Amino acid sequence: MKNRRGLSQVIGYVLIIAISITMSIIVYAWLLPIIPTPDIKCAEGTSIFIKDAAYACTPGAETLNITVQNNGNFNVNGYYIRVSNVSDQNALAIIDISSRIKVGGNISGNSIIFNNLIYNYLTPEEPNNVRTSSFDVSGYGRLYKVEITPTRIEEYGNKKKFVGCRNAVKEALVCK
């Protein structure tokens, strides 16, 4: 009788330990997305600027031709492009026109990329380090501003990550 009672106490302890380990695994899996991760960002000195922004606002044939140039210290893979149809130049440009590209790049998600998602294509050393893209912007009304944010491929932990930089370039649009 006494041996059986001791055996049931051991089984009870094993069950308590198994339940506590299971609960800790569940809590860890639940908290894992909440734990902050290192912020992936572009290398300091990544920059592009708008060399030319030609906006044709003829009704039914509205187009925007953007020429960007790499004037930073690092190669650039592409850019995010947004426009604003609000005349206030301090208003945020929230209309994403990347899906309306006609010429001058490929679409990856909501970004314009120059070549592919393997390496950074637009180099600062290139003699003609400019790229021109053309967008169909019909249906948005009169546009007043364009904002471009450069993107890069960065390596973090032996993995290549697509990163949007924080330094957006803004340009007022003049209807031609």
# chains A, B, ... in the order shown; residues from 1 in each chain; ligands from 1

call {"tool": "select_by_dssp", "arguments": {"residues": "range 36-171 of chain A", "states": "strand (DSSP E)", "output": "ChimeraX atom specification"}}
result
/A:48-56,63-70,78-84,95-96,101-103,106-108,111-113,130-136,145-156,159-164,169-171

call {"tool": "closest_atom_pairs", "arguments": {"of": "range 54-95 of chain A", "to": "range 130-151 of chain A", "cutoff": "6 Å", "atoms": "only C-alpha atoms", "output": "tab-separated table"}}
result
residue	atom	partner	partner_atom	distance
A:Glu62	CA	A:Ser138	CA	4.9
A:Thr63	CA	A:Asp136	CA	4.7
A:Leu64	CA	A:Phe135	CA	5.1
A:Asn65	CA	A:Ser134	CA	4.4
A:Ile66	CA	A:Ser133	CA	5.3
A:Thr67	CA	A:Thr132	CA	4.1
A:Val68	CA	A:Val130	CA	5.5
A:Gln69	CA	A:Val130	CA	4.3
A:Asn77	CA	A:Thr151	CA	5.6
A:Gly78	CA	A:Thr151	CA	5.1
A:Tyr79	CA	A:Pro150	CA	4.2
A:Tyr80	CA	A:Thr149	CA	5.1
A:Ile81	CA	A:Ile148	CA	4.7
A:Arg82	CA	A:Glu147	CA	5.3
A:Val83	CA	A:Val146	CA	4.3
A:Ser84	CA	A:Lys145	CA	5.2
A:Asn85	CA	A:Leu143	CA	4.3
A:Ser87	CA	A:Tyr144	CA	5.7

call {"tool": "write_last_selection", "arguments": {"atoms": "N, CA and C atoms", "output": "mmCIF file, in the first residue's frame"}}
result
data_model
loop_
_atom_site.group_PDB
_atom_site.id
_atom_site.type_symbol
_atom_site.label_atom_id
_atom_site.label_comp_id
_atom_site.auth_asym_id
_atom_site.auth_seq_id
_atom_site.Cartn_x
_atom_site.Cartn_y
_atom_site.Cartn_z
ATOM 1 N N GLU A 62 -3.640 62.283 -68.389
ATOM 2 C CA GLU A 62 -2.750 62.752 -67.329
ATOM 3 C C GLU A 62 -1.595 61.771 -67.143
ATOM 4 N N THR A 63 -0.375 62.278 -67.243
ATOM 5 C CA THR A 63 0.812 61.450 -67.029
ATOM 6 C C THR A 63 1.792 62.188 -66.143
ATOM 7 N N LEU A 64 2.611 61.412 -65.463
ATOM 8 C CA LEU A 64 3.666 61.956 -64.617
ATOM 9 C C LEU A 64 4.951 61.234 -64.976
ATOM 10 N N ASN A 65 5.942 61.985 -65.451
ATOM 11 C CA ASN A 65 7.254 61.433 -65.765
ATOM 12 C C ASN A 65 8.222 61.896 -64.686
ATOM 13 N N ILE A 66 8.822 60.951 -63.996
ATOM 14 C CA ILE A 66 9.737 61.243 -62.889
ATOM 15 C C ILE A 66 11.127 60.742 -63.256
ATOM 16 N N THR A 67 12.114 61.620 -63.148
ATOM 17 C CA THR A 67 13.506 61.230 -63.329
ATOM 18 C C THR A 67 14.200 61.379 -61.982
ATOM 19 N N VAL A 68 14.728 60.256 -61.464
ATOM 20 C CA VAL A 68 15.424 60.279 -60.186
ATOM 21 C C VAL A 68 16.908 60.031 -60.406
ATOM 22 N N GLN A 69 17.702 60.590 -59.506
ATOM 23 C CA GLN A 69 19.151 60.419 -59.575
ATOM 24 C C GLN A 69 19.660 60.032 -58.200
ATOM 25 N N ASN A 77 17.833 50.399 -54.783
ATOM 26 C CA ASN A 77 17.117 49.374 -55.537
ATOM 27 C C ASN A 77 15.884 49.922 -56.228
ATOM 28 N N GLY A 78 15.266 50.932 -55.674
ATOM 29 C CA GLY A 78 14.042 51.483 -56.246
ATOM 30 C C GLY A 78 13.495 52.576 -55.349
ATOM 31 N N TYR A 79 12.169 52.786 -55.411
ATOM 32 C CA TYR A 79 11.556 53.817 -54.575
ATOM 33 C C TYR A 79 10.060 53.576 -54.431
ATOM 34 N N TYR A 80 9.523 54.118 -53.356
ATOM 35 C CA TYR A 80 8.075 54.237 -53.173
ATOM 36 C C TYR A 80 7.680 55.589 -53.743
ATOM 37 N N ILE A 81 6.540 55.660 -54.401
ATOM 38 C CA ILE A 81 6.090 56.934 -54.961
ATOM 39 C C ILE A 81 4.641 57.179 -54.553
ATOM 40 N N ARG A 82 4.410 58.383 -54.045
ATOM 41 C CA ARG A 82 3.072 58.804 -53.653
ATOM 42 C C ARG A 82 2.851 60.229 -54.118
ATOM 43 N N VAL A 83 1.604 60.553 -54.449
ATOM 44 C CA VAL A 83 1.258 61.903 -54.887
ATOM 45 C C VAL A 83 0.132 62.430 -54.010
ATOM 46 N N SER A 84 -0.070 63.733 -54.097
ATOM 47 C CA SER A 84 -1.133 64.383 -53.334
ATOM 48 C C SER A 84 -1.976 65.233 -54.272
ATOM 49 N N ASN A 85 -3.299 65.153 -54.102
ATOM 50 C CA ASN A 85 -4.196 66.008 -54.871
ATOM 51 C C ASN A 85 -4.788 67.112 -53.992
ATOM 52 N N SER A 87 -3.961 70.862 -52.383
ATOM 53 C CA SER A 87 -3.079 71.986 -52.727
ATOM 54 C C SER A 87 -2.141 72.394 -51.595
#

call {"tool": "residues_around", "arguments": {"residues": "range 31-43 of chain A", "least_positions_apart": "5", "cutoff": "10 Å", "atoms": "only C-alpha atoms", "output": "list in words"}}
result
Ile25, Ile26, Asn73, Phe74, Asn75, Val76, Pro150, Thr151, Arg152, Ile153, Glu154, Glu155, Tyr156, Lys161, Phe162, Val163, Gly164, Cys165, Arg166 and Asn167 of chain A

call {"tool": "write_last_selection", "arguments": {"atoms": "C-alpha atoms", "output": "CSV table (one decimal), in the first residue's frame"}}
result
chain,number,residue,atom,x,y,z
A,25,ILE,CA,5.9,27.2,-24.0
A,26,ILE,CA,2.4,28.6,-24.7
A,73,ASN,CA,26.8,57.1,-50.9
A,74,PHE,CA,25.1,53.8,-51.4
A,75,ASN,CA,23.3,51.9,-54.2
A,76,VAL,CA,19.5,52.1,-54.4
A,150,PRO,CA,14.3,55.3,-51.7
A,151,THR,CA,14.4,51.5,-51.1
A,152,ARG,CA,17.4,49.2,-50.8
A,153,ILE,CA,18.3,45.6,-50.3
A,154,GLU,CA,20.1,45.3,-46.9
A,155,GLU,CA,21.7,42.3,-45.4
A,156,TYR,CA,20.7,41.3,-41.8
A,161,LYS,CA,15.8,42.2,-46.7
A,162,PHE,CA,13.9,44.8,-48.7
A,163,VAL,CA,14.0,48.1,-46.8
A,164,GLY,CA,12.3,51.4,-47.3
A,165,CYS,CA,14.4,54.4,-46.2
A,166,ARG,CA,13.1,57.2,-44.1
A,167,ASN,CA,14.3,60.2,-46.1

call {"tool": "atom_distance", "arguments": {"atom1": "CA of Ile97 in chain A", "atom2": "CA of Ser111 in chain A"}}
result
9.3 Å

call {"tool": "closest_residue", "arguments": {"among": "A:Lys51, A:Lys160, A:Lys170, A:Lys102", "to": "Asn90 in chain A", "atoms": "only C-alpha atoms"}}
result
A:Lys170

call {"tool": "closest_residue", "arguments": {"among": "A:Ile107, A:Val14, A:Leu122, A:Ala93", "to": "Ile48 in chain A", "atoms": "only C-alpha atoms"}}
result
A:Leu122
